[in-house]
$ cat work.cif   # mmCIF, C-alpha atoms and all ligand atoms
data_entry
loop_
_atom_site.group_PDB
_atom_site.id
_atom_site.type_symbol
_atom_site.label_atom_id
_atom_site.label_comp_id
_atom_site.auth_asym_id
_atom_site.auth_seq_id
_atom_site.Cartn_x
_atom_site.Cartn_y
_atom_site.Cartn_z
ATOM 1 C CA MET U 237 8.112 -18.856 -31.559
ATOM 2 C CA ALA U 238 4.333 -18.849 -31.036
ATOM 3 C CA LEU U 239 2.244 -20.493 -33.699
ATOM 4 C CA LEU U 240 -0.921 -18.769 -34.841
ATOM 5 C CA THR U 241 -3.704 -21.334 -34.693
ATOM 6 C CA THR U 242 -7.206 -20.663 -35.959
ATOM 7 C CA HIS U 243 -10.286 -22.833 -35.761
ATOM 8 C CA THR U 244 -12.617 -20.903 -38.059
ATOM 9 C CA ILE U 245 -12.833 -20.525 -41.820
ATOM 10 C CA ALA U 246 -13.767 -16.850 -41.463
ATOM 11 C CA GLU U 247 -10.650 -15.915 -39.489
ATOM 12 C CA LEU U 248 -8.387 -18.000 -41.714
ATOM 13 C CA ARG U 249 -9.754 -16.304 -44.828
ATOM 14 C CA ARG U 250 -9.356 -12.844 -43.310
ATOM 15 C CA ARG U 251 -5.712 -13.450 -42.533
ATOM 16 C CA ILE U 252 -4.929 -15.055 -45.880
ATOM 17 C CA GLN U 253 -6.573 -12.148 -47.718
ATOM 18 C CA ARG U 254 -4.036 -9.762 -46.159
ATOM 19 C CA TRP U 255 -1.223 -11.791 -47.712
ATOM 20 C CA ARG U 256 -2.986 -12.014 -51.036
ATOM 21 C CA ASP U 257 -3.470 -8.213 -51.010
ATOM 22 C CA VAL U 258 0.313 -7.832 -51.079
ATOM 23 C CA GLN U 259 0.760 -10.516 -53.771
ATOM 24 C CA GLN U 260 2.282 -13.103 -51.484
ATOM 25 C CA LYS U 261 2.406 -16.669 -52.720
ATOM 26 C CA ILE U 262 0.570 -19.116 -50.479
ATOM 27 C CA ALA U 263 1.210 -22.825 -49.892
ATOM 28 C CA LEU U 264 -1.110 -25.282 -48.167
ATOM 29 C CA VAL U 265 -0.062 -28.518 -46.465
ATOM 30 C CA PRO U 266 -3.221 -30.468 -45.555
ATOM 31 C CA THR U 267 -2.718 -33.067 -42.798
ATOM 32 C CA MET U 268 -4.613 -35.079 -40.236
ATOM 33 C CA GLY U 269 -2.033 -34.210 -37.578
ATOM 34 C CA ASN U 270 0.152 -36.543 -35.511
ATOM 35 C CA LEU U 271 2.968 -35.063 -37.517
ATOM 36 C CA HIS U 272 6.160 -36.901 -38.341
ATOM 37 C CA LYS U 273 9.276 -36.105 -40.356
ATOM 38 C CA GLY U 274 7.421 -36.690 -43.635
ATOM 39 C CA HIS U 275 4.944 -33.911 -42.822
ATOM 40 C CA ILE U 276 7.715 -31.558 -41.746
ATOM 41 C CA GLU U 277 9.519 -32.138 -45.047
ATOM 42 C CA LEU U 278 6.318 -31.039 -46.798
ATOM 43 C CA VAL U 279 6.247 -27.887 -44.667
ATOM 44 C CA ASN U 280 9.921 -27.164 -45.323
ATOM 45 C CA ARG U 281 9.430 -27.582 -49.062
ATOM 46 C CA ALA U 282 6.327 -25.376 -48.873
ATOM 47 C CA HIS U 283 8.481 -22.595 -47.411
ATOM 48 C CA GLU U 284 10.818 -22.892 -50.392
ATOM 49 C CA LEU U 285 7.918 -22.614 -52.835
ATOM 50 C CA ALA U 286 5.816 -19.869 -51.256
ATOM 51 C CA ASP U 287 5.938 -16.741 -49.095
ATOM 52 C CA ARG U 288 3.375 -18.043 -46.613
ATOM 53 C CA VAL U 289 2.619 -21.546 -45.419
ATOM 54 C CA VAL U 290 -0.745 -22.700 -44.097
ATOM 55 C CA VAL U 291 -0.964 -26.146 -42.487
ATOM 56 C CA SER U 292 -4.312 -27.741 -41.734
ATOM 57 C CA ILE U 293 -4.960 -30.454 -39.181
ATOM 58 C CA PHE U 294 -8.346 -32.091 -39.538
ATOM 59 C CA VAL U 295 -9.137 -35.741 -38.905
ATOM 60 C CA ASN U 296 -11.740 -35.963 -41.631
ATOM 61 C CA PRO U 297 -14.655 -38.215 -40.641
ATOM 62 C CA LEU U 298 -15.805 -38.466 -44.257
ATOM 63 C CA GLN U 299 -12.790 -40.501 -45.325
ATOM 64 C CA PHE U 300 -13.121 -43.189 -42.636
ATOM 65 C CA GLY U 301 -15.337 -46.246 -43.027
ATOM 66 C CA PRO U 302 -17.731 -47.184 -40.192
ATOM 67 C CA ASP U 303 -15.367 -49.827 -38.744
ATOM 68 C CA GLU U 304 -12.145 -47.881 -39.289
ATOM 69 C CA ASP U 305 -9.920 -46.064 -36.815
ATOM 70 C CA TYR U 306 -11.576 -42.601 -36.819
ATOM 71 C CA PRO U 307 -12.285 -42.586 -33.046
ATOM 72 C CA GLY U 308 -8.789 -43.779 -32.116
ATOM 73 C CA TYR U 309 -6.804 -41.942 -34.805
ATOM 74 C CA PRO U 310 -3.881 -40.315 -32.945
ATOM 75 C CA ARG U 311 -4.644 -36.695 -32.074
ATOM 76 C CA THR U 312 -1.561 -34.883 -30.760
ATOM 77 C CA LEU U 313 -2.305 -31.200 -31.335
ATOM 78 C CA GLU U 314 0.096 -29.726 -28.785
ATOM 79 C CA ALA U 315 3.102 -31.714 -30.001
ATOM 80 C CA ASP U 316 2.135 -30.895 -33.601
ATOM 81 C CA GLN U 317 1.981 -27.180 -32.771
ATOM 82 C CA VAL U 318 5.508 -27.296 -31.352
ATOM 83 C CA GLN U 319 6.873 -28.929 -34.509
ATOM 84 C CA LEU U 320 5.035 -26.504 -36.791
ATOM 85 C CA ALA U 321 6.236 -23.499 -34.804
ATOM 86 C CA VAL U 322 9.826 -24.704 -35.185
ATOM 87 C CA ALA U 323 9.227 -25.215 -38.918
ATOM 88 C CA GLY U 324 8.050 -21.594 -39.196
ATOM 89 C CA THR U 325 4.438 -22.288 -40.231
ATOM 90 C CA ASP U 326 2.514 -19.036 -40.689
ATOM 91 C CA ILE U 327 -0.942 -20.317 -39.728
ATOM 92 C CA LEU U 328 -2.268 -23.617 -38.462
ATOM 93 C CA PHE U 329 -5.911 -24.241 -39.317
ATOM 94 C CA VAL U 330 -7.634 -26.692 -36.958
ATOM 95 C CA PRO U 331 -11.348 -26.762 -37.731
ATOM 96 C CA ASP U 332 -13.733 -29.121 -35.972
ATOM 97 C CA ALA U 333 -16.230 -31.306 -37.831
ATOM 98 C CA LYS U 334 -19.012 -28.717 -37.372
ATOM 99 C CA GLU U 335 -16.889 -26.036 -39.016
ATOM 100 C CA MET U 336 -16.059 -28.248 -42.020
ATOM 101 C CA TYR U 337 -19.435 -29.974 -42.297
ATOM 102 C CA PRO U 338 -21.996 -27.621 -40.720
ATOM 103 C CA THR U 339 -24.909 -29.622 -42.165
ATOM 104 C CA GLY U 340 -23.354 -33.036 -41.540
ATOM 105 C CA THR U 341 -21.700 -35.376 -44.000
ATOM 106 C CA GLU U 342 -24.749 -36.994 -45.619
ATOM 107 C CA ASN U 343 -26.606 -34.633 -47.924
ATOM 108 C CA ILE U 344 -23.755 -32.500 -49.174
ATOM 109 C CA ALA U 345 -21.860 -32.068 -52.428
ATOM 110 C CA LYS U 346 -19.115 -34.683 -52.722
ATOM 111 C CA VAL U 347 -16.265 -35.106 -55.174
ATOM 112 C CA GLU U 348 -15.877 -38.437 -56.932
ATOM 113 C CA ILE U 349 -13.035 -39.089 -59.340
ATOM 114 C CA ALA U 350 -14.570 -41.732 -61.586
ATOM 115 C CA GLY U 351 -12.154 -44.511 -62.446
ATOM 116 C CA LEU U 352 -9.731 -43.605 -59.650
ATOM 117 C CA SER U 353 -11.810 -43.345 -56.460
ATOM 118 C CA GLU U 354 -13.035 -46.927 -56.509
ATOM 119 C CA ILE U 355 -9.943 -48.967 -57.520
ATOM 120 C CA LEU U 356 -7.081 -50.354 -55.384
ATOM 121 C CA ASP U 357 -7.447 -48.804 -51.915
ATOM 122 C CA GLY U 358 -10.868 -47.480 -52.919
ATOM 123 C CA ALA U 359 -12.072 -51.056 -53.421
ATOM 124 C CA TYR U 360 -11.029 -51.969 -49.867
ATOM 125 C CA ARG U 361 -12.123 -48.673 -48.318
ATOM 126 C CA PRO U 362 -15.389 -47.796 -50.091
ATOM 127 C CA GLY U 363 -16.033 -44.057 -50.037
ATOM 128 C CA HIS U 364 -12.532 -43.250 -48.751
ATOM 129 C CA PHE U 365 -11.359 -41.275 -51.772
ATOM 130 C CA ILE U 366 -14.672 -39.456 -52.076
ATOM 131 C CA GLY U 367 -14.049 -38.328 -48.504
ATOM 132 C CA VAL U 368 -10.461 -37.343 -49.294
ATOM 133 C CA ALA U 369 -11.322 -35.481 -52.518
ATOM 134 C CA THR U 370 -14.249 -33.692 -50.863
ATOM 135 C CA VAL U 371 -12.272 -32.443 -47.873
ATOM 136 C CA VAL U 372 -9.261 -31.476 -49.988
ATOM 137 C CA ALA U 373 -11.554 -29.582 -52.405
ATOM 138 C CA LYS U 374 -13.026 -27.736 -49.434
ATOM 139 C CA LEU U 375 -9.596 -26.913 -47.989
ATOM 140 C CA LEU U 376 -8.371 -25.713 -51.382
ATOM 141 C CA ASN U 377 -11.471 -23.530 -51.742
ATOM 142 C CA ILE U 378 -11.071 -22.134 -48.245
ATOM 143 C CA VAL U 379 -7.355 -21.336 -48.516
ATOM 144 C CA ARG U 380 -7.106 -20.811 -52.313
ATOM 145 C CA PRO U 381 -3.364 -21.592 -52.230
ATOM 146 C CA ASP U 382 -1.029 -21.235 -55.193
ATOM 147 C CA VAL U 383 0.503 -24.579 -54.342
ATOM 148 C CA ALA U 384 -0.498 -27.556 -52.206
ATOM 149 C CA LEU U 385 1.816 -30.348 -51.095
ATOM 150 C CA PHE U 386 1.141 -34.028 -50.436
ATOM 151 C CA GLY U 387 3.254 -37.091 -49.684
ATOM 152 C CA GLN U 388 3.763 -39.704 -52.351
ATOM 153 C CA LYS U 389 3.316 -42.484 -49.801
ATOM 154 C CA ASP U 390 -0.411 -42.024 -50.409
ATOM 155 C CA TYR U 391 0.139 -42.507 -54.121
ATOM 156 C CA GLN U 392 -3.480 -43.062 -55.087
ATOM 157 C CA GLN U 393 -4.575 -40.102 -52.974
ATOM 158 C CA LEU U 394 -2.091 -37.935 -54.847
ATOM 159 C CA ALA U 395 -3.395 -39.237 -58.187
ATOM 160 C CA VAL U 396 -6.987 -38.512 -57.081
ATOM 161 C CA ILE U 397 -6.084 -34.961 -56.047
ATOM 162 C CA ARG U 398 -4.153 -34.251 -59.254
ATOM 163 C CA ARG U 399 -7.096 -35.486 -61.313
ATOM 164 C CA MET U 400 -9.572 -33.425 -59.276
ATOM 165 C CA VAL U 401 -7.532 -30.242 -59.665
ATOM 166 C CA ARG U 402 -7.169 -30.865 -63.400
ATOM 167 C CA ASP U 403 -10.797 -31.808 -64.055
ATOM 168 C CA LEU U 404 -12.304 -29.052 -61.897
ATOM 169 C CA CYS U 405 -9.942 -26.400 -63.334
ATOM 170 C CA MET U 406 -8.526 -25.454 -59.940
ATOM 171 C CA PRO U 407 -5.611 -23.050 -60.535
ATOM 172 C CA ILE U 408 -3.342 -24.770 -58.026
ATOM 173 C CA GLU U 409 -0.010 -26.497 -58.444
ATOM 174 C CA ILE U 410 0.025 -29.892 -56.743
ATOM 175 C CA VAL U 411 3.425 -30.999 -55.513
ATOM 176 C CA GLY U 412 4.036 -34.615 -54.530
ATOM 177 C CA MET U 413 7.010 -35.394 -52.337
ATOM 178 C CA ALA U 414 9.007 -38.561 -51.937
ATOM 179 C CA THR U 415 8.159 -40.960 -49.142
ATOM 180 C CA VAL U 416 10.252 -40.549 -46.013
ATOM 181 C CA ARG U 417 11.410 -43.883 -44.618
ATOM 182 C CA GLU U 418 12.943 -45.351 -41.495
ATOM 183 C CA ALA U 419 16.469 -46.725 -41.897
ATOM 184 C CA ASP U 420 15.038 -50.214 -42.537
ATOM 185 C CA GLY U 421 12.756 -48.937 -45.297
ATOM 186 C CA LEU U 422 9.445 -48.709 -43.440
ATOM 187 C CA ALA U 423 7.518 -45.709 -44.752
ATOM 188 C CA LEU U 424 6.739 -43.168 -42.031
ATOM 189 C CA SER U 425 3.059 -43.188 -41.121
ATOM 190 C CA SER U 426 0.980 -42.095 -38.152
ATOM 191 C CA ARG U 427 -0.462 -45.612 -38.130
ATOM 192 C CA ASN U 428 2.966 -47.215 -37.490
ATOM 193 C CA GLN U 429 2.402 -46.541 -33.811
ATOM 194 C CA TYR U 430 -0.315 -49.219 -33.814
ATOM 195 C CA LEU U 431 2.483 -51.795 -34.331
ATOM 196 C CA SER U 432 3.766 -53.866 -31.413
ATOM 197 C CA LYS U 433 7.521 -54.328 -31.088
ATOM 198 C CA SER U 434 7.450 -57.695 -32.845
ATOM 199 C CA GLN U 435 5.150 -56.382 -35.604
ATOM 200 C CA ARG U 436 7.448 -53.414 -36.098
ATOM 201 C CA ALA U 437 10.291 -55.874 -36.769
ATOM 202 C CA VAL U 438 8.183 -57.555 -39.487
ATOM 203 C CA ALA U 439 6.854 -54.333 -41.080
ATOM 204 C CA PRO U 440 9.815 -53.573 -43.444
ATOM 205 C CA LEU U 441 8.886 -56.751 -45.350
ATOM 206 C CA LEU U 442 6.376 -54.607 -47.250
ATOM 207 C CA TYR U 443 9.090 -52.318 -48.600
ATOM 208 C CA ARG U 444 11.454 -55.219 -49.305
ATOM 209 C CA THR U 445 8.750 -57.010 -51.274
ATOM 210 C CA LEU U 446 8.105 -53.899 -53.370
ATOM 211 C CA ARG U 447 11.849 -53.519 -53.975
ATOM 212 C CA GLU U 448 11.985 -57.087 -55.226
ATOM 213 C CA LEU U 449 9.082 -56.442 -57.588
ATOM 214 C CA VAL U 450 10.883 -53.389 -58.946
ATOM 215 C CA ALA U 451 14.002 -55.490 -59.506
ATOM 216 C CA LEU U 452 11.975 -58.138 -61.345
ATOM 217 C CA LEU U 453 10.368 -55.513 -63.578
ATOM 218 C CA ARG U 454 13.823 -54.203 -64.366
ATOM 219 C CA THR U 455 14.971 -57.663 -65.433
ATOM 220 C CA GLY U 456 12.116 -57.759 -67.960
ATOM 221 C CA GLU U 457 9.532 -59.862 -66.103
ATOM 222 C CA ARG U 458 6.088 -58.942 -67.477
ATOM 223 C CA ASP U 459 3.732 -61.579 -66.105
ATOM 224 C CA PHE U 460 2.102 -59.013 -63.823
ATOM 225 C CA THR U 461 -0.509 -61.386 -62.404
ATOM 226 C CA ARG U 462 2.088 -63.934 -61.344
ATOM 227 C CA LEU U 463 4.376 -61.260 -59.886
ATOM 228 C CA GLU U 464 1.492 -59.817 -57.864
ATOM 229 C CA ARG U 465 0.384 -63.270 -56.674
ATOM 230 C CA GLU U 466 3.891 -64.228 -55.560
ATOM 231 C CA ALA U 467 4.325 -60.933 -53.710
ATOM 232 C CA VAL U 468 1.028 -61.520 -51.863
ATOM 233 C CA GLN U 469 2.228 -65.023 -50.924
ATOM 234 C CA LYS U 470 5.472 -63.611 -49.626
ATOM 235 C CA LEU U 471 3.739 -61.045 -47.426
ATOM 236 C CA THR U 472 1.357 -63.706 -46.120
ATOM 237 C CA ALA U 473 4.220 -66.080 -45.345
ATOM 238 C CA GLY U 474 5.888 -63.233 -43.433
ATOM 239 C CA GLY U 475 2.868 -62.814 -41.153
ATOM 240 C CA MET U 476 1.005 -59.998 -42.929
ATOM 241 C CA ARG U 477 -2.565 -60.035 -44.248
ATOM 242 C CA PRO U 478 -2.259 -58.320 -47.629
ATOM 243 C CA ASP U 479 -5.250 -56.553 -49.181
ATOM 244 C CA TYR U 480 -3.436 -56.281 -52.492
ATOM 245 C CA VAL U 481 -0.158 -55.961 -54.328
ATOM 246 C CA CYS U 482 -0.643 -54.309 -57.729
ATOM 247 C CA ILE U 483 1.584 -53.289 -60.606
ATOM 248 C CA ARG U 484 0.165 -50.287 -62.439
ATOM 249 C CA MET U 485 1.212 -47.553 -64.835
ATOM 250 C CA ALA U 486 2.859 -44.693 -62.939
ATOM 251 C CA GLY U 487 0.714 -41.569 -62.596
ATOM 252 C CA SER U 488 -2.535 -42.834 -64.120
ATOM 253 C CA LEU U 489 -2.745 -46.133 -62.195
ATOM 254 C CA ALA U 490 -4.033 -47.767 -65.389
ATOM 255 C CA GLN U 491 -3.269 -51.432 -66.096
ATOM 256 C CA PRO U 492 0.210 -51.764 -67.604
ATOM 257 C CA ASP U 493 1.039 -53.703 -70.743
ATOM 258 C CA VAL U 494 4.229 -55.014 -72.330
ATOM 259 C CA ASN U 495 5.043 -51.553 -73.720
ATOM 260 C CA THR U 496 4.805 -49.782 -70.361
ATOM 261 C CA THR U 497 8.083 -48.253 -69.204
ATOM 262 C CA ARG U 498 6.991 -46.318 -66.097
ATOM 263 C CA PHE U 499 5.416 -48.469 -63.410
ATOM 264 C CA VAL U 500 4.279 -48.065 -59.860
ATOM 265 C CA VAL U 501 4.042 -51.054 -57.558
ATOM 266 C CA LEU U 502 1.585 -50.569 -54.730
ATOM 267 C CA ALA U 503 0.657 -52.661 -51.730
ATOM 268 C CA ALA U 504 -1.621 -52.561 -48.721
ATOM 269 C CA ALA U 505 -1.299 -55.108 -45.937
ATOM 270 C CA TRP U 506 -2.522 -55.549 -42.392
ATOM 271 C CA LEU U 507 -0.134 -56.237 -39.573
ATOM 272 C CA GLY U 508 -2.098 -56.598 -36.364
ATOM 273 C CA LYS U 509 -4.427 -53.600 -36.264
ATOM 274 C CA ALA U 510 -2.197 -51.465 -38.501
ATOM 275 C CA ARG U 511 -3.028 -51.252 -42.183
ATOM 276 C CA LEU U 512 0.243 -50.378 -43.925
ATOM 277 C CA ILE U 513 0.418 -48.992 -47.443
ATOM 278 C CA ASP U 514 3.465 -48.339 -49.562
ATOM 279 C CA ASN U 515 4.516 -47.938 -53.182
ATOM 280 C CA LEU U 516 7.554 -47.593 -55.406
ATOM 281 C CA GLU U 517 7.790 -46.042 -58.836
ATOM 282 C CA VAL U 518 10.130 -47.496 -61.410
ATOM 283 C CA ASP U 519 11.177 -46.134 -64.764
ATOM 284 C CA ILE U 520 12.802 -49.034 -66.575
ATOM 285 C CA LEU U 521 14.492 -46.671 -69.041
ATOM 286 C CA THR U 522 16.559 -45.136 -66.248
ATOM 287 C CA GLN U 523 18.386 -46.578 -63.259
ATOM 288 C CA ALA U 524 17.115 -43.918 -60.869
ATOM 289 C CA ASP U 525 14.885 -45.046 -58.042
ATOM 290 C CA GLN U 526 12.442 -42.183 -58.370
ATOM 291 C CA THR U 527 10.789 -42.523 -55.009
ATOM 292 C CA GLN U 528 14.037 -41.884 -53.195
ATOM 293 C CA ARG U 529 14.405 -38.271 -54.198
ATOM 294 C CA LEU U 530 12.227 -35.207 -54.144
ATOM 295 C CA ARG U 531 9.811 -34.892 -56.989
ATOM 296 C CA PRO U 532 9.569 -31.181 -57.612
ATOM 297 C CA ALA U 533 6.720 -31.050 -60.084
ATOM 298 C CA ARG U 534 3.688 -32.852 -61.450
ATOM 299 C CA ALA U 535 3.942 -36.538 -62.316
ATOM 300 C CA PRO U 536 2.680 -37.081 -65.860
ATOM 301 C CA GLU U 537 -0.956 -38.225 -65.953
HETATM 302 O O1 LIG U 601 -3.165 -37.616 -46.188
HETATM 303 C C1 LIG U 601 -3.869 -37.122 -45.286
HETATM 304 O O2 LIG U 601 -3.417 -36.829 -44.187
HETATM 305 C C2 LIG U 601 -5.329 -36.890 -45.561
HETATM 306 O O3 LIG U 601 -5.868 -37.887 -46.359
HETATM 307 C C3 LIG U 601 -5.628 -35.491 -46.133
HETATM 308 C C4 LIG U 601 -4.980 -35.284 -47.493
HETATM 309 C C5 LIG U 601 -5.139 -34.430 -45.174
HETATM 310 C C6 LIG U 601 -7.135 -35.318 -46.310
HETATM 311 O O4 LIG U 601 -7.815 -35.488 -45.120
#

$ encode --input "work.cif" --output "structure tokens" --more "lines below"
Ligand code: PAF
Amino acid sequence: MALLTTHTIAELRRRIQRWRDVQQKIALVPTMGNLHKGHIELVNRAHELADRVVVSIFVNPLQFGPDEDYPGYPRTLEADQVQLAVAGTDILFVPDAKEMYPTGTENIAKVEIAGLSEILDGAYRPGHFIGVATVVAKLLNIVRPDVALFGQKDYQQLAVIRRMVRDLCMPIEIVGMATVREADGLALSSRNQYLSKSQRAVAPLLYRTLRELVALLRTGERDFTRLEREAVQKLTAGGMRPDYVCIRMAGSLAQPDVNTTRFVVLAAAWLGKARLIDNLEVDILTQADQTQRLRPARAPE
């Protein structure tokens, strides 16, 4: 089946308006392309939630730092189109930078989520979440979907987007979906292809380390600083260069205390030229590992 691909905001809006005229529900799945099973699960879920599914592919320059992998980020449009056609996507939107940022990326309105944009990954990638929130706000304004779907692997990104939608009164349901993993636990990511064979063998250590932290939280350990430090040591000993391992309150990413019952453990670590991120949520009042199943609705703030 052929996939309708458009490169302009004007054409995309024209087509979406026809659906809106007949009261069809619209879902948006924003991506940067190089699609894997995790993206396709978002698209499949989008089809369950809406009548029409729009997918965007845009490698957003605004969310990359000057020394990051923007130039080399994998761009695989043709293969992506094949996968999206099979998944039944109604329209693929592939703007170029000029279409999204006609006056450049400097002197434009940008979206900053105070208190969330600059912590954790934001501290290591200054400006990253301003870039993410700005481009997602633009995509949401262009498409005006009823629902938009994002992977929970980018946990902080999801928190930033939920906060933006709430604070800016955007009438859009944000759906976060569980991380899709390889059999050995490695979270699927476009950046995994930067790993050499030997690095790929080491990579699941990130997930294992997070699992161990979850287990320790379940046994009642509450010395968060020590737990984080020991996890960093473990990753380092395994050959990774961790940026951070952090234990936070689920949803809000605030610092936990002894009364916290819903945690998220998050980590970012370099392995060669790949920067891997991962996270696990844990609710110590239940036995369920919440990241291993679909999360149909909003996580509490
Ligand atoms: O997660 C991504 O692929 C990107 O950060 C997003 C949400 C498409 C914004 O560019």

$ resolve_selection --input "work.cif" --expression "the PyMOL selection byres (((not hetatm)) within 8 of (chain U and resi 601))" --output "list in words"
Val265, Pro266, Thr267, Met268, Gly269, Ser292, Ile293, Phe294, Val295, Asn296, Gln299, Gly367, Val368, Ala369, Val371, Val372, Phe386, Gly387, Asp390 and Gln393 of chain U

$ closest_atom_pairs --input "work.cif" --of "range 300-337 of chain U" --to "range 429-449 of chain U" --cutoff "12 Å" --atoms "all atoms listed in the file" --output "tab-separated table"
residue	atom	partner	partner_atom	distance
U:Asp305	CA	U:Tyr430	CA	10.5
U:Gly308	CA	U:Tyr430	CA	10.2
U:Tyr309	CA	U:Tyr430	CA	9.8
U:Pro310	CA	U:Gln429	CA	8.9

$ residues_around --input "work.cif" --residues "Thr497 in chain U" --least-positions-apart "6" --cutoff "9 Å" --atoms "only C-alpha atoms" --output "CSV table (one decimal) with C-alpha atoms, keeping the file's coordinate frame"
chain,number,residue,atom,x,y,z
U,485,MET,CA,1.2,-47.6,-64.8
U,486,ALA,CA,2.9,-44.7,-62.9
U,518,VAL,CA,10.1,-47.5,-61.4
U,519,ASP,CA,11.2,-46.1,-64.8
U,520,ILE,CA,12.8,-49.0,-66.6
U,521,LEU,CA,14.5,-46.7,-69.0

$ resolve_selection --input "work.cif" --expression "the PyMOL selection byres (((chain U and resi 362) around 12) and not hetatm)" --output "list in words"
Leu298, Gln299, Phe300, Gly301, Pro302, Asp303, Glu304, Glu348, Leu352, Ser353, Glu354, Ile355, Leu356, Asp357, Gly358, Ala359, Tyr360, Arg361, Gly363, His364, Phe365, Ile366, Gly367 and Val368 of chain U

$ atom_distance --input "work.cif" --atom1 "CA of Val396 in chain U" --atom2 "CA of Ser488 in chain U"
9.4 Å

$ residues_around --input "work.cif" --residues "range 453-464 of chain U" --least-positions-apart "4" --cutoff "7 Å" --atoms "all atoms listed in the file" --output "ChimeraX atom specification"
/U:449,468,481-483,494,520

$ write_last_selection --input "work.cif" --atoms "C-alpha atoms" --output "tab-separated table (two decimals), in the frame of the given file"
chain	number	residue	atom	x	y	z
U	449	LEU	CA	9.08	-56.44	-57.59
U	468	VAL	CA	1.03	-61.52	-51.86
U	481	VAL	CA	-0.16	-55.96	-54.33
U	482	CYS	CA	-0.64	-54.31	-57.73
U	483	ILE	CA	1.58	-53.29	-60.61
U	494	VAL	CA	4.23	-55.01	-72.33
U	520	ILE	CA	12.80	-49.03	-66.58

$ resolve_selection --input "work.cif" --expression "the PyMOL selection byres (((chain U and resi 378) around 12) and not hetatm)" --output "ChimeraX atom specification"
/U:244-253,264,266,290,292,329,331,335-336,371-377,379-381

$ atom_distance --input "work.cif" --atom1 "CA of Glu409 in chain U" --atom2 "CA of Asn515 in chain U"
22.5 Å

$ closest_residue --input "work.cif" --among "U:Ala414, U:Ala350, U:Ala345, U:Ala282" --to "Leu516 in chain U" --atoms "all atoms listed in the file"
U:Ala414

$ atom_distance --input "work.cif" --atom1 "CA of Thr415 in chain U" --atom2 "CA of Lys389 in chain U"
5.1 Å

$ axis_aligned_box --input "work.cif" --around "range 267-286 of chain U" --padding-each-side "6 Å" --output "lines of an AutoDock Vina configuration file"
center_x = 3.1
center_y = -28.4
center_z = -44.2
size_x = 27.4
size_y = 29.0
size_z = 29.3

$ closest_residue --input "work.cif" --among "U:Pro297, U:Gly274, U:Gly351, U:Gly340" --to "Leu489 in chain U" --atoms "all atoms listed in the file"
U:Gly351

$ residues_near_point --input "work.cif" --point "(-2.7, -34.2, -56.4)" --cutoff "10 Å" --atoms "only C-alpha atoms" --output "list in words"
Ala369, Val372, Ala384, Leu385, Phe386, Gly387, Gln388, Tyr391, Gln392, Gln393, Leu394, Ala395, Val396, Ile397, Arg398, Arg399, Met400, Val401, Arg402, Ile408, Glu409, Ile410, Val411, Gly412, Arg534 and Ala535 of chain U

$ closest_residue --input "work.cif" --among "U:Val330, U:Gly475, U:Asn343, U:His275" --to "Arg311 in chain U" --atoms "all atoms listed in the file"
U:Val330

$ closest_residue --input "work.cif" --among "U:Asp316, U:Asp479, U:Asp287, U:Glu466" --to "Val258 in chain U" --atoms "all atoms listed in the file"
U:Asp287

$ build_atoms --input "work.cif" --residues "range 464-474 of chain U" --atoms "N, CA and C atoms" --output "short mmCIF file (atom, residue, chain, number, x, y, z; two decimals), in the coordinates of the input"
data_model
loop_
_atom_site.label_atom_id
_atom_site.label_comp_id
_atom_site.auth_asym_id
_atom_site.auth_seq_id
_atom_site.Cartn_x
_atom_site.Cartn_y
_atom_site.Cartn_z
N GLU U 464 2.35 -60.32 -58.95
CA GLU U 464 1.49 -59.82 -57.86
C GLU U 464 1.14 -60.96 -56.91
N ARG U 465 0.78 -62.11 -57.51
CA ARG U 465 0.38 -63.27 -56.67
C ARG U 465 1.55 -63.71 -55.78
N GLU U 466 2.74 -63.77 -56.35
CA GLU U 466 3.89 -64.23 -55.56
C GLU U 466 4.24 -63.22 -54.45
N ALA U 467 4.06 -61.95 -54.74
CA ALA U 467 4.32 -60.93 -53.71
C ALA U 467 3.32 -61.07 -52.56
N VAL U 468 2.06 -61.32 -52.90
CA VAL U 468 1.03 -61.52 -51.86
C VAL U 468 1.39 -62.73 -51.01
N GLN U 469 1.85 -63.81 -51.67
CA GLN U 469 2.23 -65.02 -50.92
C GLN U 469 3.38 -64.73 -49.97
N LYS U 470 4.30 -63.93 -50.44
CA LYS U 470 5.47 -63.61 -49.63
C LYS U 470 5.07 -62.81 -48.37
N LEU U 471 4.20 -61.84 -48.57
CA LEU U 471 3.74 -61.04 -47.43
C LEU U 471 2.97 -61.93 -46.44
N THR U 472 2.15 -62.82 -46.98
CA THR U 472 1.36 -63.71 -46.12
C THR U 472 2.28 -64.63 -45.32
N ALA U 473 3.27 -65.18 -46.02
CA ALA U 473 4.22 -66.08 -45.34
C ALA U 473 4.98 -65.34 -44.24
N GLY U 474 5.16 -64.04 -44.43
CA GLY U 474 5.89 -63.23 -43.43
C GLY U 474 5.02 -62.79 -42.27
#
